[in-house]
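A.B. asks: Just passing along the structure, written as structure tokens.
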Amino acid sequence: MNIVLLGAPGAGKGTQAEKLVDAYDIAHISTGNILRAAVGAQTPLGLEAQSYMDAGELVPDSVVIGLVKERLEEEDTDKGFILDGFPRTATQAVALASELEEMGRGIDCAIAVKVAPEIIVKRLSSRRLCKACGYIGRVSDAACPVCGDKLYQRDDDKPATVKNRLEVYEKSTAPLIDYYRGADLLVEVDGEQSPGVVFEQIQVALSQGSRRKETSCRDESERAVL
Ligand code: AMP
């Protein structure tokens, strides 16, 4: 199963991606996580990406497309993958489609997690992460409930950057919802419910595949060529 997860920053993509990875045993490809690791390690990729990320801007398409291509060549993606935070622009979506076609693969489903902007702003200001294990928590968590490490706030979750990230999302990424709708691959879920309920809805859409008219996931046998 090959899935694209769409949604504004803070819509809950990371949380849903983790649940999907556990449930379907597929590879998790989060461009944000890959870029943050590169920034942390101060690799050439990290040094190039850092200023864009600090400003809440998108890292250039050529850079991100290159790193996703490399990641898709890794063996663990053969069993399926979930793309979390990619594509974020039309150029990335088209590059992804042609790369997958070359590999004889395709997208089965694009899941859009929808949350109103005012809720996003609240969520991002209270989001806290664990550097050690990646747990996504809240400001009210004293420590990581999974590994006990300290939680921290991402620099780009601070108010000055959040506004720009949301504007960038609306301008560059939200149009991809129509792109995947046009390809008959889109499933929309209400991301304002609890993570468990959102996940149940996603599972229903994935299990019913193309058998229901109101959902548009594909069975692997009838993958679309975008
Ligand atoms: P995320 O963790 O997905 O919210 O991503 C954090 C930041 O990484 C974004 O604000 C961008 O600066 C950068 N980034 C992540 N994914 C992409 C992408 N597909 N295209 C461009 N920049 C990205």
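Please note that chains go A, B, ... in the order of the structure tokens, that every chain numbers its residues from 1, and that ligands are numbered from 1 in the order shown.
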Excluding range 82-97 of chain A and its own-chain neighbours fewer than 5 positions away, which residues fall within 6 Å of it when counting only C-alpha atoms? Please give them as a list of chain:residue names.

C.D. replies: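 Near neighbours after the sequence-gap exclusion: A:Asn2, A:Ile3, A:Val4, A:Leu5, A:His28, A:Ile29, A:Ser30, A:Thr31, A:Ser172, A:Thr173, A:Leu226.
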
A.B. asks: To check your reading of the model: which residues sit at most 8 Å from ligand 1 when counting only C-alpha atoms and all ligand atoms? Write the answer as a ChimeraX atom specification.

C.D. replies: /A:9-10,30-33,35-36,49-50,52-61,64-65,84-89,92,156,165

A.B. asks: Restricted to C-alpha atoms, what would the selected residues look like written as a compact mmCIF listing (two decimals), in the first residue's frame?

C.D. replies:
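Saved file out_31.txt follows:
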```txt
# COMPACT_ATOMS: atom_id res chain seq x y z
CA PRO A 9 1.30 21.60 9.52
CA GLY A 10 -0.20 20.41 12.80
CA SER A 30 8.72 12.05 6.47
CA THR A 31 10.63 14.72 4.59
CA GLY A 32 10.41 16.99 7.67
CA ASN A 33 12.05 14.30 9.84
CA LEU A 35 15.51 17.33 6.93
CA ARG A 36 15.52 17.90 10.71
CA ALA A 49 17.81 23.35 4.30
CA GLN A 50 18.17 25.11 7.62
CA TYR A 52 14.33 27.75 4.72
CA MET A 53 13.03 25.68 7.61
CA ASP A 54 13.78 28.39 10.19
CA ALA A 55 11.77 30.85 8.09
CA GLY A 56 8.86 28.45 7.58
CA GLU A 57 9.58 28.37 3.85
CA LEU A 58 9.74 25.29 1.67
CA VAL A 59 13.12 23.78 0.95
CA PRO A 60 13.71 23.96 -2.85
CA ASP A 61 11.93 21.30 -4.89
CA VAL A 64 13.50 17.50 -1.59
CA ILE A 65 12.68 15.57 -4.77
CA ASP A 84 4.27 12.35 5.21
CA GLY A 85 4.92 15.98 4.22
CA PHE A 86 5.68 15.19 0.58
CA PRO A 87 4.63 16.26 -2.01
CA ARG A 88 4.12 19.87 -0.95
CA THR A 89 4.13 21.53 -4.39
CA GLN A 92 6.95 17.64 -6.34
CA ASP A 156 9.27 26.48 13.51
CA ARG A 165 3.99 28.00 7.30
```

A.B. asks: List the spatial neighbours of Ala23 in chain A as a tab-separated table (two decimals) with all heavy atoms, in the first residue's frame - criterion: any atom at most 12 Å away, only C-alpha atoms, same-chain residues fewer than 6 positions off excluded.

C.D. replies:
```tsv
chain	number	residue	atom	x	y	z
A	1	MET	N	0.85	-1.19	0.00
A	1	MET	CA	0.00	0.00	0.00
A	1	MET	C	0.89	1.25	0.00
A	1	MET	O	1.74	1.40	0.87
A	1	MET	CB	-0.86	-0.02	1.27
A	1	MET	CG	-1.73	1.17	1.42
A	1	MET	SD	-3.46	0.78	1.43
A	1	MET	CE	-3.58	-0.39	2.75
A	16	GLN	N	-0.83	10.22	12.55
A	16	GLN	CA	-1.53	9.23	11.72
A	16	GLN	C	-0.53	8.36	10.96
A	16	GLN	O	-0.74	7.16	10.79
A	16	GLN	CB	-2.50	9.92	10.74
A	16	GLN	CG	-3.63	10.66	11.43
A	16	GLN	CD	-4.46	9.77	12.36
A	16	GLN	OE1	-4.70	8.60	12.08
A	16	GLN	NE2	-4.89	10.32	13.49
A	17	ALA	N	0.58	8.97	10.53
A	17	ALA	CA	1.60	8.19	9.81
A	17	ALA	C	2.14	7.08	10.71
A	17	ALA	O	2.29	5.93	10.29
A	17	ALA	CB	2.74	9.10	9.35
A	82	ILE	N	4.42	5.30	3.33
A	82	ILE	CA	3.55	6.45	3.55
A	82	ILE	C	4.40	7.70	3.45
A	82	ILE	O	5.43	7.82	4.12
A	82	ILE	CB	2.83	6.34	4.90
A	82	ILE	CG1	2.07	7.61	5.19
A	82	ILE	CG2	3.74	6.06	6.07
A	82	ILE	CD1	0.73	7.33	5.75
A	199	PHE	N	-7.99	7.93	12.83
A	199	PHE	CA	-7.35	6.73	12.30
A	199	PHE	C	-8.39	5.69	11.87
A	199	PHE	O	-8.23	5.03	10.83
A	199	PHE	CB	-6.39	6.14	13.34
A	199	PHE	CG	-5.60	4.99	12.79
A	199	PHE	CD1	-4.80	5.15	11.67
A	199	PHE	CD2	-5.66	3.74	13.38
A	199	PHE	CE1	-4.08	4.09	11.14
A	199	PHE	CE2	-4.94	2.68	12.86
A	199	PHE	CZ	-4.14	2.85	11.74
A	200	GLU	N	-9.46	5.56	12.67
A	200	GLU	CA	-10.52	4.60	12.29
A	200	GLU	C	-11.09	4.97	10.92
A	200	GLU	O	-11.32	4.11	10.08
A	200	GLU	CB	-11.66	4.63	13.32
A	200	GLU	CG	-11.40	3.72	14.51
A	200	GLU	CD	-12.40	3.97	15.63
A	200	GLU	OE1	-13.51	4.49	15.36
A	200	GLU	OE2	-12.05	3.66	16.78
A	202	ILE	N	-9.63	6.58	8.54
A	202	ILE	CA	-8.64	6.28	7.50
A	202	ILE	C	-8.64	4.79	7.19
A	202	ILE	O	-8.62	4.36	6.03
A	202	ILE	CB	-7.23	6.75	7.95
A	202	ILE	CG1	-7.16	8.27	7.99
A	202	ILE	CG2	-6.15	6.18	7.04
A	202	ILE	CD1	-5.86	8.85	8.52
A	203	GLN	N	-8.71	3.98	8.24
A	203	GLN	CA	-8.70	2.53	8.03
A	203	GLN	C	-9.91	2.06	7.24
A	203	GLN	O	-9.80	1.18	6.38
A	203	GLN	CB	-8.68	1.81	9.37
A	203	GLN	CG	-7.29	1.74	9.97
A	203	GLN	CD	-7.30	0.92	11.24
A	203	GLN	OE1	-8.04	1.24	12.17
A	203	GLN	NE2	-6.50	-0.13	11.27
A	206	LEU	N	-9.28	2.90	3.65
A	206	LEU	CA	-8.27	2.04	3.04
A	206	LEU	C	-8.79	0.63	2.83
A	206	LEU	O	-8.51	-0.01	1.81
A	206	LEU	CB	-7.01	1.99	3.91
A	206	LEU	CG	-6.22	3.29	4.02
A	206	LEU	CD1	-5.03	3.12	4.95
A	206	LEU	CD2	-5.73	3.75	2.65
A	207	SER	N	-9.60	0.13	3.77
A	207	SER	CA	-10.05	-1.25	3.63
A	207	SER	C	-11.15	-1.37	2.58
A	207	SER	O	-11.28	-2.40	1.92
A	207	SER	CB	-10.55	-1.80	4.97
A	207	SER	OG	-11.71	-1.11	5.34
```

A.B. asks: What are the DSSP strand (DSSP E) residues of range 101-224 of chain A, as a list in words?

C.D. replies: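 These are the residues in question: Cys109, Ala110, Ile111, Ala112, Val113, Lys114, Arg127, Arg128, Leu129, Cys130, Ile136, Gly137, Arg138, Leu151, Tyr152, Leu186, Val187, Glu188, Val189 and Asp190 of chain A.
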
A.B. asks: Within 12 Å of range 111-114 of chain A, which residues of range 120-193 of chain A show up? Give each one with its shortest atom-to-atom distance in Å (one decimal) and the two atoms involved, counting only C-alpha atoms, rows by chain then rising residue number, as CSV.

C.D. replies:
```
residue,atom,partner,partner_atom,distance
A:Ile120,CA,A:Lys114,CA,9.9
A:Thr173,CA,A:Ala112,CA,11.0
A:Ala174,CA,A:Ala112,CA,9.4
A:Pro175,CA,A:Ala112,CA,11.4
A:Leu176,CA,A:Ala112,CA,9.5
A:Ile177,CA,A:Ala112,CA,6.9
A:Asp178,CA,A:Ala112,CA,10.4
A:Tyr179,CA,A:Ala112,CA,11.6
A:Tyr180,CA,A:Ile111,CA,9.1
A:Arg181,CA,A:Ala112,CA,10.0
A:Asp184,CA,A:Ile111,CA,11.5
A:Leu185,CA,A:Ile111,CA,8.3
A:Leu186,CA,A:Ile111,CA,5.9
A:Val187,CA,A:Ile111,CA,4.9
A:Glu188,CA,A:Ala112,CA,4.8
A:Val189,CA,A:Val113,CA,5.2
A:Asp190,CA,A:Lys114,CA,5.2
A:Gly191,CA,A:Lys114,CA,5.0
A:Glu192,CA,A:Lys114,CA,7.3
A:Gln193,CA,A:Lys114,CA,10.0
```

A.B. asks: Filtering to N, CA and C atoms, could you give me those residues as an mmCIF file, in the first residue's frame?

C.D. replies:
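Below you can see selection-v5.cif, which holds the result:
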```
data_model
loop_
_atom_site.group_PDB
_atom_site.id
_atom_site.type_symbol
_atom_site.label_atom_id
_atom_site.label_comp_id
_atom_site.auth_asym_id
_atom_site.auth_seq_id
_atom_site.Cartn_x
_atom_site.Cartn_y
_atom_site.Cartn_z
ATOM 1 N N ILE A 120 -5.291 24.696 14.138
ATOM 2 C CA ILE A 120 -3.883 24.414 13.806
ATOM 3 C C ILE A 120 -2.955 25.301 14.644
ATOM 4 N N THR A 173 0.567 23.966 -1.151
ATOM 5 C CA THR A 173 0.259 22.556 -0.902
ATOM 6 C C THR A 173 -1.239 22.250 -0.990
ATOM 7 N N ALA A 174 -2.089 23.162 -0.500
ATOM 8 C CA ALA A 174 -3.532 22.877 -0.520
ATOM 9 C C ALA A 174 -4.037 22.537 -1.938
ATOM 10 N N PRO A 175 -3.502 23.180 -2.993
ATOM 11 C CA PRO A 175 -3.980 22.822 -4.348
ATOM 12 C C PRO A 175 -3.767 21.347 -4.700
ATOM 13 N N LEU A 176 -2.872 20.670 -3.992
ATOM 14 C CA LEU A 176 -2.647 19.249 -4.306
ATOM 15 C C LEU A 176 -3.862 18.391 -3.952
ATOM 16 N N ILE A 177 -4.714 18.918 -3.077
ATOM 17 C CA ILE A 177 -5.940 18.169 -2.738
ATOM 18 C C ILE A 177 -6.763 18.005 -4.016
ATOM 19 N N ASP A 178 -6.858 19.064 -4.805
ATOM 20 C CA ASP A 178 -7.601 18.964 -6.073
ATOM 21 C C ASP A 178 -6.868 18.075 -7.075
ATOM 22 N N TYR A 179 -5.560 18.145 -7.040
ATOM 23 C CA TYR A 179 -4.754 17.306 -7.958
ATOM 24 C C TYR A 179 -5.072 15.828 -7.717
ATOM 25 N N TYR A 180 -5.076 15.410 -6.450
ATOM 26 C CA TYR A 180 -5.334 13.993 -6.159
ATOM 27 C C TYR A 180 -6.820 13.654 -6.297
ATOM 28 N N ARG A 181 -7.674 14.654 -6.078
ATOM 29 C CA ARG A 181 -9.114 14.398 -6.321
ATOM 30 C C ARG A 181 -9.317 14.112 -7.808
ATOM 31 N N ASP A 184 -8.677 10.786 -8.814
ATOM 32 C CA ASP A 184 -9.580 9.824 -8.176
ATOM 33 C C ASP A 184 -8.877 9.005 -7.096
ATOM 34 N N LEU A 185 -8.000 9.675 -6.377
ATOM 35 C CA LEU A 185 -7.242 8.977 -5.326
ATOM 36 C C LEU A 185 -7.505 9.567 -3.941
ATOM 37 N N LEU A 186 -8.345 10.610 -3.877
ATOM 38 C CA LEU A 186 -8.435 11.385 -2.635
ATOM 39 C C LEU A 186 -9.462 10.833 -1.654
ATOM 40 N N VAL A 187 -9.029 10.779 -0.387
ATOM 41 C CA VAL A 187 -9.946 10.522 0.723
ATOM 42 C C VAL A 187 -9.767 11.681 1.703
ATOM 43 N N GLU A 188 -10.860 12.318 2.122
ATOM 44 C CA GLU A 188 -10.744 13.420 3.072
ATOM 45 C C GLU A 188 -11.256 12.961 4.432
ATOM 46 N N VAL A 189 -10.498 13.266 5.486
ATOM 47 C CA VAL A 189 -10.962 12.919 6.832
ATOM 48 C C VAL A 189 -10.963 14.171 7.705
ATOM 49 N N ASP A 190 -11.877 14.171 8.672
ATOM 50 C CA ASP A 190 -11.995 15.293 9.592
ATOM 51 C C ASP A 190 -10.934 15.140 10.680
ATOM 52 N N GLY A 191 -9.878 15.946 10.595
ATOM 53 C CA GLY A 191 -8.756 15.832 11.521
ATOM 54 C C GLY A 191 -8.990 16.524 12.846
ATOM 55 N N GLU A 192 -10.202 17.067 13.059
ATOM 56 C CA GLU A 192 -10.467 17.744 14.333
ATOM 57 C C GLU A 192 -10.967 16.764 15.397
ATOM 58 N N GLN A 193 -11.158 15.524 15.017
ATOM 59 C CA GLN A 193 -11.574 14.512 15.989
ATOM 60 C C GLN A 193 -10.326 13.961 16.693
#
```

A.B. asks: Taking the chain letters and numbering used in this document, name the residues of range 116-215 of chain A that DSSP puts in helix (DSSP H, G or I), as a ChimeraX atom specification.

C.D. replies: /A:117-126,155-157,159-173,175-182,195-211

A.B. asks: Just give me the gap between CA of Asp141 in chain A and CA of Ser125 in chain A in Å, one decimal is fine.

C.D. replies: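 Separation between CA of Asp141 in chain A and CA of Ser125 in chain A: 13.7 Å.
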
A.B. asks: Expressed in Å to a single decimal, how great is the separation between CA of Lys171 in chain A and CA of Gly12 in chain A?

C.D. replies: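 These two atoms are separated by 19.5 Å.
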
A.B. asks: Could you check how far CA of Asp108 in chain A sits from CA of Ala38 in chain A, in Å to one decimal?

C.D. replies: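 So the answer is 29.2 Å.
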
A.B. asks: Identify which of the residues A:Ala8, A:Glu167, A:Pro195, A:Val162 lies closest to Ile136 in chain A, counting only C-alpha atoms when measuring atom-to-atom distances.

C.D. replies: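 Checking each candidate against Ile136 in chain A, we get A:Pro195 as the closest.
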
A.B. asks: Find, counting only C-alpha atoms, the residue in A:Ala27, A:Asp155, A:Val204, A:Glu48 that gets nearest to Glu75 in chain A.

C.D. replies: A:Ala27

A.B. asks: Which residue gives the smallest distance to Asn164 in chain A among A:Val121, A:Ala183, A:Cys133, A:Val146, with only C-alpha atoms counted?

C.D. replies: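 Ranking A:Val121, A:Ala183, A:Cys133, A:Val146 by distance to Asn164 in chain A, first place goes to A:Val121.
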